[in-house]
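Text of my_file-v9.cif, listed as mmCIF, N, CA and C atoms:
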data_protein
loop_
_atom_site.label_atom_id
_atom_site.label_comp_id
_atom_site.auth_asym_id
_atom_site.auth_seq_id
_atom_site.Cartn_x
_atom_site.Cartn_y
_atom_site.Cartn_z
N MET A 1 62.33 -20.52 46.86
CA MET A 1 63.62 -21.11 46.61
C MET A 1 64.10 -20.59 45.26
N ARG A 2 65.40 -20.45 45.13
CA ARG A 2 65.96 -19.88 43.91
C ARG A 2 67.19 -20.67 43.48
N PHE A 3 67.36 -20.83 42.17
CA PHE A 3 68.56 -21.46 41.63
C PHE A 3 68.83 -20.93 40.23
N GLN A 4 70.06 -21.14 39.77
CA GLN A 4 70.46 -20.74 38.43
C GLN A 4 71.17 -21.89 37.74
N ILE A 5 70.96 -21.96 36.44
CA ILE A 5 71.72 -22.89 35.61
C ILE A 5 72.31 -22.07 34.47
N LYS A 6 73.63 -22.20 34.26
CA LYS A 6 74.33 -21.43 33.25
C LYS A 6 74.84 -22.37 32.15
N THR A 7 74.68 -21.91 30.91
CA THR A 7 75.14 -22.69 29.76
C THR A 7 75.91 -21.77 28.82
N LEU A 8 77.15 -22.12 28.53
CA LEU A 8 77.95 -21.36 27.57
C LEU A 8 77.70 -21.93 26.17
N VAL A 9 77.33 -21.04 25.23
CA VAL A 9 77.11 -21.45 23.85
C VAL A 9 77.99 -20.60 22.93
N GLN A 10 78.12 -21.04 21.67
CA GLN A 10 79.14 -20.48 20.77
C GLN A 10 78.74 -19.22 20.03
N LEU A 11 77.46 -18.91 19.96
CA LEU A 11 77.02 -17.78 19.13
C LEU A 11 76.92 -16.48 19.93
N PRO A 12 76.95 -15.33 19.24
CA PRO A 12 76.76 -14.04 19.92
C PRO A 12 75.36 -13.92 20.51
N HIS A 13 75.23 -13.11 21.54
CA HIS A 13 73.97 -13.06 22.30
C HIS A 13 72.77 -12.63 21.47
N TYR A 14 72.95 -11.74 20.50
CA TYR A 14 71.81 -11.31 19.69
C TYR A 14 71.33 -12.45 18.78
N GLU A 15 72.23 -13.32 18.32
CA GLU A 15 71.82 -14.49 17.53
C GLU A 15 71.11 -15.51 18.40
N VAL A 16 71.60 -15.68 19.62
CA VAL A 16 70.95 -16.61 20.55
C VAL A 16 69.54 -16.14 20.85
N PHE A 17 69.37 -14.86 21.16
CA PHE A 17 68.03 -14.36 21.46
C PHE A 17 67.09 -14.55 20.27
N ALA A 18 67.58 -14.35 19.06
CA ALA A 18 66.75 -14.54 17.87
C ALA A 18 66.23 -15.97 17.77
N GLY A 19 66.95 -16.92 18.39
CA GLY A 19 66.53 -18.32 18.37
C GLY A 19 65.54 -18.70 19.46
N PHE A 20 65.22 -17.76 20.35
CA PHE A 20 64.24 -18.04 21.41
C PHE A 20 62.84 -17.89 20.83
N ASN A 21 62.36 -18.98 20.24
CA ASN A 21 61.08 -18.98 19.56
C ASN A 21 60.29 -20.23 19.93
N ARG A 22 59.16 -20.40 19.28
CA ARG A 22 58.27 -21.55 19.54
C ARG A 22 59.00 -22.88 19.35
N ASP A 23 59.79 -23.00 18.29
CA ASP A 23 60.50 -24.26 18.02
C ASP A 23 61.48 -24.60 19.14
N LEU A 24 62.25 -23.61 19.59
CA LEU A 24 63.18 -23.85 20.69
C LEU A 24 62.41 -24.24 21.95
N PHE A 25 61.33 -23.53 22.22
CA PHE A 25 60.53 -23.81 23.41
C PHE A 25 60.11 -25.29 23.43
N MET A 26 59.67 -25.81 22.31
CA MET A 26 59.24 -27.20 22.26
C MET A 26 60.42 -28.17 22.38
N LYS A 27 61.57 -27.81 21.84
CA LYS A 27 62.76 -28.66 22.01
C LYS A 27 63.18 -28.73 23.47
N LEU A 28 62.98 -27.64 24.21
CA LEU A 28 63.39 -27.58 25.61
C LEU A 28 62.44 -28.32 26.54
N ALA A 29 61.25 -28.63 26.07
CA ALA A 29 60.26 -29.32 26.92
C ALA A 29 60.78 -30.71 27.29
N PRO A 30 60.81 -31.02 28.58
CA PRO A 30 61.31 -32.34 29.00
C PRO A 30 60.32 -33.44 28.62
N PRO A 31 60.77 -34.69 28.65
CA PRO A 31 59.88 -35.80 28.26
C PRO A 31 58.67 -35.97 29.19
N PHE A 32 58.83 -35.63 30.47
CA PHE A 32 57.70 -35.75 31.39
C PHE A 32 57.63 -34.52 32.27
N PRO A 33 56.46 -33.99 32.42
CA PRO A 33 55.21 -34.41 31.78
C PRO A 33 55.17 -33.91 30.34
N PRO A 34 54.49 -34.64 29.45
CA PRO A 34 54.34 -34.15 28.08
C PRO A 34 53.64 -32.79 28.09
N VAL A 35 54.09 -31.93 27.20
CA VAL A 35 53.61 -30.55 27.15
C VAL A 35 52.89 -30.31 25.83
N LYS A 36 51.73 -29.69 25.91
CA LYS A 36 51.02 -29.22 24.73
C LYS A 36 51.04 -27.69 24.80
N LEU A 37 51.66 -27.08 23.80
CA LEU A 37 51.75 -25.63 23.77
C LEU A 37 50.44 -25.07 23.23
N GLN A 38 49.72 -24.35 24.09
CA GLN A 38 48.45 -23.77 23.69
C GLN A 38 48.60 -22.36 23.15
N ARG A 39 49.61 -21.65 23.63
CA ARG A 39 49.83 -20.27 23.17
C ARG A 39 51.28 -19.89 23.40
N PHE A 40 51.89 -19.27 22.41
CA PHE A 40 53.25 -18.74 22.53
C PHE A 40 53.29 -17.44 21.75
N ASP A 41 53.25 -16.32 22.47
CA ASP A 41 53.27 -15.01 21.81
C ASP A 41 54.68 -14.54 21.51
N GLY A 42 55.64 -14.93 22.32
CA GLY A 42 57.02 -14.49 22.15
C GLY A 42 57.67 -14.20 23.48
N CYS A 43 58.70 -13.34 23.47
CA CYS A 43 59.52 -13.09 24.66
C CYS A 43 59.57 -11.62 25.03
N LYS A 44 58.55 -10.88 24.69
CA LYS A 44 58.49 -9.45 24.98
C LYS A 44 57.42 -9.18 26.04
N THR A 45 57.55 -8.07 26.74
CA THR A 45 56.60 -7.70 27.77
C THR A 45 55.17 -7.77 27.24
N SER A 46 54.30 -8.37 28.03
CA SER A 46 52.87 -8.58 27.75
C SER A 46 52.59 -9.82 26.90
N ASP A 47 53.63 -10.55 26.47
CA ASP A 47 53.41 -11.80 25.75
C ASP A 47 53.02 -12.90 26.73
N TRP A 48 52.26 -13.86 26.24
CA TRP A 48 51.82 -15.01 27.05
C TRP A 48 52.42 -16.30 26.52
N VAL A 49 52.67 -17.23 27.44
CA VAL A 49 53.00 -18.61 27.12
C VAL A 49 52.05 -19.46 27.95
N ILE A 50 51.25 -20.28 27.28
CA ILE A 50 50.28 -21.12 27.98
C ILE A 50 50.50 -22.57 27.57
N LEU A 51 50.67 -23.41 28.58
CA LEU A 51 50.95 -24.84 28.38
C LEU A 51 49.87 -25.69 29.02
N GLU A 52 49.72 -26.88 28.49
CA GLU A 52 48.93 -27.90 29.16
C GLU A 52 49.89 -29.04 29.49
N LEU A 53 50.03 -29.35 30.77
CA LEU A 53 50.89 -30.43 31.24
C LEU A 53 50.04 -31.67 31.42
N ASN A 54 50.49 -32.78 30.86
CA ASN A 54 49.72 -34.02 30.93
C ASN A 54 50.39 -34.98 31.91
N PHE A 55 49.76 -35.13 33.07
CA PHE A 55 50.28 -36.02 34.12
C PHE A 55 49.61 -37.38 34.08
N ILE A 56 49.21 -37.84 32.92
CA ILE A 56 48.58 -39.13 32.63
C ILE A 56 47.15 -39.18 33.15
N PHE A 57 46.95 -39.07 34.47
CA PHE A 57 45.60 -39.18 35.04
C PHE A 57 44.89 -37.84 35.14
N PHE A 58 45.61 -36.76 34.94
CA PHE A 58 45.02 -35.42 34.98
C PHE A 58 45.92 -34.45 34.21
N LYS A 59 45.33 -33.33 33.84
CA LYS A 59 46.07 -32.29 33.12
C LYS A 59 46.02 -31.00 33.93
N GLN A 60 47.06 -30.19 33.76
CA GLN A 60 47.17 -28.91 34.46
C GLN A 60 47.57 -27.84 33.45
N THR A 61 47.02 -26.65 33.63
CA THR A 61 47.40 -25.52 32.80
C THR A 61 48.47 -24.70 33.52
N TRP A 62 49.44 -24.25 32.74
CA TRP A 62 50.49 -23.36 33.23
C TRP A 62 50.50 -22.15 32.30
N ALA A 63 50.11 -21.01 32.82
CA ALA A 63 50.09 -19.78 32.03
C ALA A 63 51.09 -18.79 32.63
N SER A 64 52.01 -18.32 31.80
CA SER A 64 53.00 -17.34 32.24
C SER A 64 52.91 -16.10 31.37
N LEU A 65 53.09 -14.96 32.02
CA LEU A 65 53.09 -13.67 31.36
C LEU A 65 54.51 -13.12 31.37
N ILE A 66 54.97 -12.61 30.23
CA ILE A 66 56.27 -11.93 30.20
C ILE A 66 56.04 -10.55 30.80
N THR A 67 56.66 -10.31 31.95
CA THR A 67 56.41 -9.08 32.70
C THR A 67 57.48 -8.02 32.48
N GLU A 68 58.61 -8.42 31.89
CA GLU A 68 59.70 -7.46 31.69
C GLU A 68 60.63 -8.02 30.62
N ASP A 69 61.19 -7.12 29.81
CA ASP A 69 62.25 -7.51 28.90
C ASP A 69 63.15 -6.30 28.68
N GLN A 70 64.42 -6.59 28.37
CA GLN A 70 65.37 -5.51 28.14
C GLN A 70 66.49 -6.02 27.25
N THR A 71 67.00 -5.11 26.41
CA THR A 71 68.09 -5.44 25.50
C THR A 71 69.19 -4.40 25.62
N SER A 72 70.44 -4.88 25.73
CA SER A 72 71.60 -3.99 25.70
C SER A 72 72.71 -4.69 24.92
N ASN A 73 73.83 -4.02 24.77
CA ASN A 73 74.97 -4.64 24.08
C ASN A 73 75.59 -5.78 24.88
N GLU A 74 75.33 -5.80 26.18
CA GLU A 74 75.92 -6.83 27.05
C GLU A 74 74.96 -7.97 27.37
N GLU A 75 73.64 -7.68 27.39
CA GLU A 75 72.69 -8.68 27.86
C GLU A 75 71.30 -8.42 27.29
N ILE A 76 70.61 -9.53 27.02
CA ILE A 76 69.19 -9.49 26.69
C ILE A 76 68.52 -10.38 27.73
N TYR A 77 67.44 -9.89 28.31
CA TYR A 77 66.72 -10.74 29.24
C TYR A 77 65.23 -10.51 29.13
N PHE A 78 64.50 -11.53 29.58
CA PHE A 78 63.06 -11.40 29.75
C PHE A 78 62.64 -12.25 30.94
N ILE A 79 61.56 -11.83 31.57
CA ILE A 79 61.09 -12.50 32.79
C ILE A 79 59.68 -13.01 32.55
N ASP A 80 59.48 -14.30 32.83
CA ASP A 80 58.12 -14.83 32.81
C ASP A 80 57.69 -15.12 34.24
N GLU A 81 56.46 -14.74 34.53
CA GLU A 81 55.88 -14.97 35.86
C GLU A 81 54.61 -15.81 35.71
N GLY A 82 54.51 -16.84 36.54
CA GLY A 82 53.36 -17.72 36.50
C GLY A 82 52.10 -17.02 36.97
N LYS A 83 51.08 -17.04 36.14
CA LYS A 83 49.79 -16.44 36.49
C LYS A 83 48.74 -17.52 36.78
N GLN A 84 48.86 -18.65 36.13
CA GLN A 84 48.06 -19.84 36.45
C GLN A 84 49.05 -20.99 36.50
N LEU A 85 49.17 -21.59 37.67
CA LEU A 85 50.22 -22.58 37.90
C LEU A 85 49.64 -23.94 38.24
N PRO A 86 50.41 -25.01 37.97
CA PRO A 86 49.99 -26.34 38.41
C PRO A 86 49.87 -26.38 39.93
N PHE A 87 49.13 -27.33 40.42
CA PHE A 87 48.80 -27.41 41.85
C PHE A 87 50.00 -27.38 42.78
N PHE A 88 51.15 -27.86 42.30
CA PHE A 88 52.32 -27.97 43.18
C PHE A 88 53.13 -26.68 43.28
N LEU A 89 52.72 -25.63 42.57
CA LEU A 89 53.43 -24.36 42.63
C LEU A 89 52.51 -23.24 43.11
N LYS A 90 53.06 -22.39 43.98
CA LYS A 90 52.33 -21.19 44.42
C LYS A 90 52.90 -19.94 43.79
N PHE A 91 54.17 -19.99 43.37
CA PHE A 91 54.84 -18.83 42.81
C PHE A 91 55.87 -19.30 41.80
N TRP A 92 55.99 -18.55 40.68
CA TRP A 92 56.99 -18.87 39.66
C TRP A 92 57.49 -17.57 39.03
N ARG A 93 58.80 -17.43 39.00
CA ARG A 93 59.43 -16.29 38.32
C ARG A 93 60.71 -16.82 37.68
N HIS A 94 60.79 -16.69 36.35
CA HIS A 94 61.93 -17.21 35.60
C HIS A 94 62.53 -16.07 34.78
N ARG A 95 63.74 -15.70 35.15
CA ARG A 95 64.46 -14.67 34.41
C ARG A 95 65.38 -15.39 33.43
N HIS A 96 65.15 -15.18 32.13
CA HIS A 96 65.95 -15.75 31.07
C HIS A 96 67.00 -14.71 30.71
N ARG A 97 68.25 -14.97 31.04
CA ARG A 97 69.33 -14.02 30.76
C ARG A 97 70.21 -14.57 29.64
N ILE A 98 70.48 -13.72 28.66
CA ILE A 98 71.31 -14.07 27.52
C ILE A 98 72.45 -13.05 27.52
N VAL A 99 73.59 -13.46 28.05
CA VAL A 99 74.67 -12.54 28.39
C VAL A 99 75.85 -12.71 27.43
N ALA A 100 76.27 -11.60 26.81
CA ALA A 100 77.42 -11.62 25.91
C ALA A 100 78.68 -12.00 26.68
N GLN A 101 79.46 -12.88 26.08
CA GLN A 101 80.74 -13.32 26.66
C GLN A 101 81.73 -13.35 25.51
N GLY A 102 82.20 -12.16 25.10
CA GLY A 102 83.05 -12.07 23.91
C GLY A 102 82.21 -12.42 22.69
N THR A 103 82.67 -13.41 21.90
CA THR A 103 81.90 -13.86 20.73
C THR A 103 80.94 -14.99 21.09
N GLN A 104 80.92 -15.36 22.34
CA GLN A 104 80.02 -16.41 22.83
C GLN A 104 78.95 -15.81 23.73
N THR A 105 78.11 -16.68 24.28
CA THR A 105 77.00 -16.23 25.12
C THR A 105 76.83 -17.20 26.29
N VAL A 106 76.49 -16.64 27.44
CA VAL A 106 76.08 -17.46 28.58
C VAL A 106 74.56 -17.32 28.70
N ILE A 107 73.87 -18.45 28.62
CA ILE A 107 72.43 -18.46 28.85
C ILE A 107 72.24 -18.81 30.32
N ILE A 108 71.54 -17.95 31.03
CA ILE A 108 71.31 -18.16 32.47
C ILE A 108 69.82 -18.31 32.71
N ASP A 109 69.43 -19.48 33.18
CA ASP A 109 68.07 -19.71 33.65
C ASP A 109 68.09 -19.41 35.15
N ASP A 110 67.49 -18.31 35.53
CA ASP A 110 67.44 -17.86 36.93
C ASP A 110 66.01 -18.05 37.41
N ILE A 111 65.79 -19.08 38.21
CA ILE A 111 64.45 -19.52 38.58
C ILE A 111 64.20 -19.30 40.06
N GLU A 112 63.04 -18.72 40.34
CA GLU A 112 62.57 -18.57 41.72
C GLU A 112 61.18 -19.19 41.78
N PHE A 113 60.97 -20.07 42.75
CA PHE A 113 59.67 -20.74 42.86
C PHE A 113 59.31 -20.96 44.33
N LYS A 114 58.02 -21.14 44.55
CA LYS A 114 57.51 -21.53 45.86
C LYS A 114 56.44 -22.57 45.66
N THR A 115 56.44 -23.55 46.53
CA THR A 115 55.40 -24.57 46.58
C THR A 115 54.54 -24.25 47.81
N PRO A 116 53.55 -25.08 48.11
CA PRO A 116 52.68 -24.76 49.25
C PRO A 116 53.40 -24.60 50.60
N ASN A 117 54.57 -25.22 50.75
CA ASN A 117 55.30 -25.05 52.01
C ASN A 117 56.80 -25.28 51.80
N ARG A 118 57.57 -24.90 52.78
CA ARG A 118 59.04 -24.97 52.68
C ARG A 118 59.54 -26.40 52.48
N PHE A 119 58.90 -27.35 53.14
CA PHE A 119 59.28 -28.76 53.00
C PHE A 119 59.13 -29.20 51.55
N SER A 120 58.00 -28.88 50.93
CA SER A 120 57.80 -29.30 49.54
C SER A 120 58.71 -28.51 48.59
N ASP A 121 59.13 -27.29 48.99
CA ASP A 121 60.14 -26.57 48.18
C ASP A 121 61.38 -27.46 48.02
N PHE A 122 61.82 -28.05 49.12
CA PHE A 122 63.02 -28.89 49.08
C PHE A 122 62.78 -30.19 48.31
N LEU A 123 61.56 -30.70 48.36
CA LEU A 123 61.24 -31.91 47.60
C LEU A 123 61.21 -31.63 46.10
N PHE A 124 60.67 -30.50 45.71
CA PHE A 124 60.55 -30.17 44.29
C PHE A 124 61.83 -29.61 43.69
N PHE A 125 62.71 -29.07 44.52
CA PHE A 125 63.94 -28.48 43.99
C PHE A 125 64.71 -29.42 43.06
N PRO A 126 65.03 -30.66 43.46
CA PRO A 126 65.81 -31.51 42.54
C PRO A 126 65.07 -31.80 41.23
N LEU A 127 63.75 -31.94 41.30
CA LEU A 127 62.98 -32.21 40.09
C LEU A 127 63.04 -31.02 39.13
N LEU A 128 62.83 -29.84 39.67
CA LEU A 128 62.88 -28.64 38.83
C LEU A 128 64.30 -28.39 38.32
N TYR A 129 65.28 -28.60 39.17
CA TYR A 129 66.67 -28.42 38.74
C TYR A 129 66.99 -29.33 37.55
N LEU A 130 66.60 -30.59 37.66
CA LEU A 130 66.88 -31.54 36.57
C LEU A 130 66.13 -31.16 35.30
N GLN A 131 64.90 -30.64 35.44
CA GLN A 131 64.13 -30.20 34.26
C GLN A 131 64.89 -29.12 33.50
N PHE A 132 65.58 -28.24 34.22
CA PHE A 132 66.32 -27.17 33.56
C PHE A 132 67.72 -27.60 33.16
N ALA A 133 68.35 -28.50 33.89
CA ALA A 133 69.64 -29.05 33.48
C ALA A 133 69.49 -29.81 32.16
N TYR A 134 68.32 -30.37 31.95
CA TYR A 134 68.00 -31.07 30.70
C TYR A 134 68.21 -30.16 29.49
N ARG A 135 68.08 -28.85 29.67
CA ARG A 135 68.21 -27.89 28.57
C ARG A 135 69.66 -27.68 28.11
N ILE A 136 70.63 -27.95 28.96
CA ILE A 136 72.03 -27.63 28.66
C ILE A 136 72.47 -28.20 27.31
N PRO A 137 72.37 -29.52 27.07
CA PRO A 137 72.83 -30.03 25.77
C PRO A 137 71.99 -29.53 24.59
N ILE A 138 70.74 -29.22 24.84
CA ILE A 138 69.89 -28.69 23.76
C ILE A 138 70.36 -27.30 23.37
N TYR A 139 70.58 -26.44 24.36
CA TYR A 139 71.13 -25.11 24.08
C TYR A 139 72.45 -25.22 23.31
N LYS A 140 73.35 -26.09 23.79
CA LYS A 140 74.67 -26.22 23.16
C LYS A 140 74.55 -26.68 21.70
N ASN A 141 73.61 -27.56 21.43
CA ASN A 141 73.42 -28.06 20.07
C ASN A 141 72.77 -27.01 19.17
N VAL A 142 71.73 -26.37 19.65
CA VAL A 142 71.00 -25.38 18.85
C VAL A 142 71.87 -24.15 18.56
N PHE A 143 72.65 -23.73 19.54
CA PHE A 143 73.42 -22.49 19.40
C PHE A 143 74.91 -22.75 19.19
N LYS A 144 75.24 -23.71 18.31
CA LYS A 144 76.64 -23.95 17.98
C LYS A 144 76.93 -23.30 16.64
N LYS A 145 78.21 -22.97 16.44
CA LYS A 145 78.64 -22.36 15.18
C LYS A 145 78.50 -23.38 14.06
N LYS A 146 78.04 -22.90 12.94
CA LYS A 146 77.93 -23.75 11.75
C LYS A 146 79.32 -23.90 11.12
N SER A 147 79.66 -25.09 10.71
CA SER A 147 80.95 -25.32 10.05
C SER A 147 80.93 -24.69 8.66
N SER A 148 82.04 -24.08 8.29
CA SER A 148 82.12 -23.44 6.96
C SER A 148 82.52 -24.41 5.90
#
As structure tokens:
Amino acid sequence: MRFQIKTLVQLPHYEVFAGFNRDLFMKLAPPFPPVKLQRFDGCKTSDWVILELNFIFFKQTWASLITEDQTSNEEIYFIDEGKQLPFFLKFWRHRHRIVAQGTQTVIIDDIEFKTPNRFSDFLFFPLLYLQFAYRIPIYKNVFKKKSS
């Protein structure tokens, strides 16, 4: 299953990309499940992001590898692919697109996932969608123009 969430922010795309760091990653983490960041190398090819998700009665590791990144005057993107996933996911591919829109930027979370079966794909879709919609006000706040 695949979906996209787009967020328009006020800064140029190269400034937005510069803000994609460990601090932003932790701000974007939703309240549930609580996330412990075990490793964050960055957003370039061969970098790793490893999380521990705490589901109260058990914990799960989520390890993603950045498999591709590219920079141009129009867009910066990087792709993370799940290499060790929580039990409810069989496949994860997240393309983070940071697209120039004049003096502003559109951040596009382009997510493709699979669960053990098509039925559970539909069950998990609203949960995953809401987890990423949660990022919209955070992106808007972090990437707003500073008042002079």
Going by the chain IDs and residue numbers used in this file, which residues fall under the PyMOL selection byres (((chain A and resi 130-134 and name CA) around 9) and name CA)? Write them as a PyMOL selection string. chain A and resi 5-6+28-30+32+109+125-129+135-138
Exercise. List every residue of range 22-148 of chain A that DSSP, applied to the backbone of this structure, places in strand (DSSP E), and write the result as JSON, numbers by chain.
Key: {"A": [35, 36, 37, 38, 39, 40, 48, 49, 50, 51, 52, 53, 54, 59, 60, 61, 62, 63, 64, 65, 66, 67, 68, 69, 70, 71, 75, 76, 77, 78, 79, 80, 81, 82, 83, 84, 91, 92, 93, 94, 95, 96, 97, 98, 99, 100, 101, 104, 105, 106, 107, 108, 109, 110, 111, 112, 113, 114]}
- Task: Would you please work out which residue, of A:Gly42, A:Pro12, A:Gly82, A:Pro34, is nearest to Phe55 in chain A when using all atoms listed in the file?
- Result: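 Distance minimum relative to Phe55 in chain A lands on A:Pro34.
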I would like the residues chosen by the PyMOL selection byres (((chain A and resi 143 and name CA) around 12) and name CA) on the shown file; could you give them as a PyMOL selection string? chain A and resi 7-20+24+98+104-107+135-142+144-146
Please enumerate the residues selected by the PyMOL selection byres ((chain A and resi 61-76) around 5) when evaluated against the supplied file, formatted as a compact mmCIF listing (two decimals) with N, CA and C atoms, in the frame of the given file.
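Result saved to part-v2.txt:
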# COMPACT_ATOMS: atom_id res chain seq x y z
N THR A 45 57.55 -8.07 26.74
CA THR A 45 56.60 -7.70 27.77
C THR A 45 55.17 -7.77 27.24
N SER A 46 54.30 -8.37 28.03
CA SER A 46 52.87 -8.58 27.75
C SER A 46 52.59 -9.82 26.90
N ASP A 47 53.63 -10.55 26.47
CA ASP A 47 53.41 -11.80 25.75
C ASP A 47 53.02 -12.90 26.73
N TRP A 48 52.26 -13.86 26.24
CA TRP A 48 51.82 -15.01 27.05
C TRP A 48 52.42 -16.30 26.52
N VAL A 49 52.67 -17.23 27.44
CA VAL A 49 53.00 -18.61 27.12
C VAL A 49 52.05 -19.46 27.95
N ILE A 50 51.25 -20.28 27.28
CA ILE A 50 50.28 -21.12 27.98
C ILE A 50 50.50 -22.57 27.57
N LEU A 51 50.67 -23.41 28.58
CA LEU A 51 50.95 -24.84 28.38
C LEU A 51 49.87 -25.69 29.02
N GLU A 52 49.72 -26.88 28.49
CA GLU A 52 48.93 -27.90 29.16
C GLU A 52 49.89 -29.04 29.49
N LEU A 53 50.03 -29.35 30.77
CA LEU A 53 50.89 -30.43 31.24
C LEU A 53 50.04 -31.67 31.42
N LYS A 59 45.33 -33.33 33.84
CA LYS A 59 46.07 -32.29 33.12
C LYS A 59 46.02 -31.00 33.93
N GLN A 60 47.06 -30.19 33.76
CA GLN A 60 47.17 -28.91 34.46
C GLN A 60 47.57 -27.84 33.45
N TYR A 77 67.44 -9.89 28.31
CA TYR A 77 66.72 -10.74 29.24
C TYR A 77 65.23 -10.51 29.13
N PHE A 78 64.50 -11.53 29.58
CA PHE A 78 63.06 -11.40 29.75
C PHE A 78 62.64 -12.25 30.94
N ILE A 79 61.56 -11.83 31.57
CA ILE A 79 61.09 -12.50 32.79
C ILE A 79 59.68 -13.01 32.55
N ASP A 80 59.48 -14.30 32.83
CA ASP A 80 58.12 -14.83 32.81
C ASP A 80 57.69 -15.12 34.24
N GLU A 81 56.46 -14.74 34.53
CA GLU A 81 55.88 -14.97 35.86
C GLU A 81 54.61 -15.81 35.71
N GLY A 82 54.51 -16.84 36.54
CA GLY A 82 53.36 -17.72 36.50
C GLY A 82 52.10 -17.02 36.97
N LYS A 83 51.08 -17.04 36.14
CA LYS A 83 49.79 -16.44 36.49
C LYS A 83 48.74 -17.52 36.78
N GLN A 84 48.86 -18.65 36.13
CA GLN A 84 48.06 -19.84 36.45
C GLN A 84 49.05 -20.99 36.50
N LEU A 85 49.17 -21.59 37.67
CA LEU A 85 50.22 -22.58 37.90
C LEU A 85 49.64 -23.94 38.24
N PRO A 86 50.41 -25.01 37.97
CA PRO A 86 49.99 -26.34 38.41
C PRO A 86 49.87 -26.38 39.93
N ARG A 97 68.25 -14.97 31.04
CA ARG A 97 69.33 -14.02 30.76
C ARG A 97 70.21 -14.57 29.64
N ILE A 98 70.48 -13.72 28.66
CA ILE A 98 71.31 -14.07 27.52
C ILE A 98 72.45 -13.05 27.52
N VAL A 99 73.59 -13.46 28.05
CA VAL A 99 74.67 -12.54 28.39
C VAL A 99 75.85 -12.71 27.43
N ALA A 100 76.27 -11.60 26.81
CA ALA A 100 77.42 -11.62 25.91
C ALA A 100 78.68 -12.00 26.68
Nearest residue to His94 in chain A out of A:Ile56, A:Ile111, A:Val35, A:Leu123, using all atoms listed in the file?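 Closest candidate: A:Ile111.
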Computed gap from atom N of Thr115 in chain A to atom C of Phe91 in chain A is 6.4 Å
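The gap separating CA of Asp41 in chain A from CA of Lys27 in chain A is 16.6 Å, in Å to one decimal.
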By how many Å are atom C of Met1 in chain A and CA of Pro33 in chain A apart?
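Going from atom C of Met1 in chain A over to CA of Pro33 in chain A covers 21.3 Å.
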**Request:** Give the helix (DSSP H, G or I) residues of chain A, as DSSP finds them on the backbone, and put them as JSON, numbers by chain.
**Result:** {"A": [13, 14, 15, 16, 17, 18, 22, 23, 24, 25, 26, 27, 28, 118, 119, 120, 121, 122, 123, 124, 125, 126, 127, 128, 129, 130, 131, 132, 133, 135, 136, 137, 138, 139, 140, 141, 142]}
Restricting to only N, CA and C atoms, whichever of A:Lys114, A:Asp121, A:Ile108, A:Gln38 is closest to Gln4 in chain A is A:Ile108
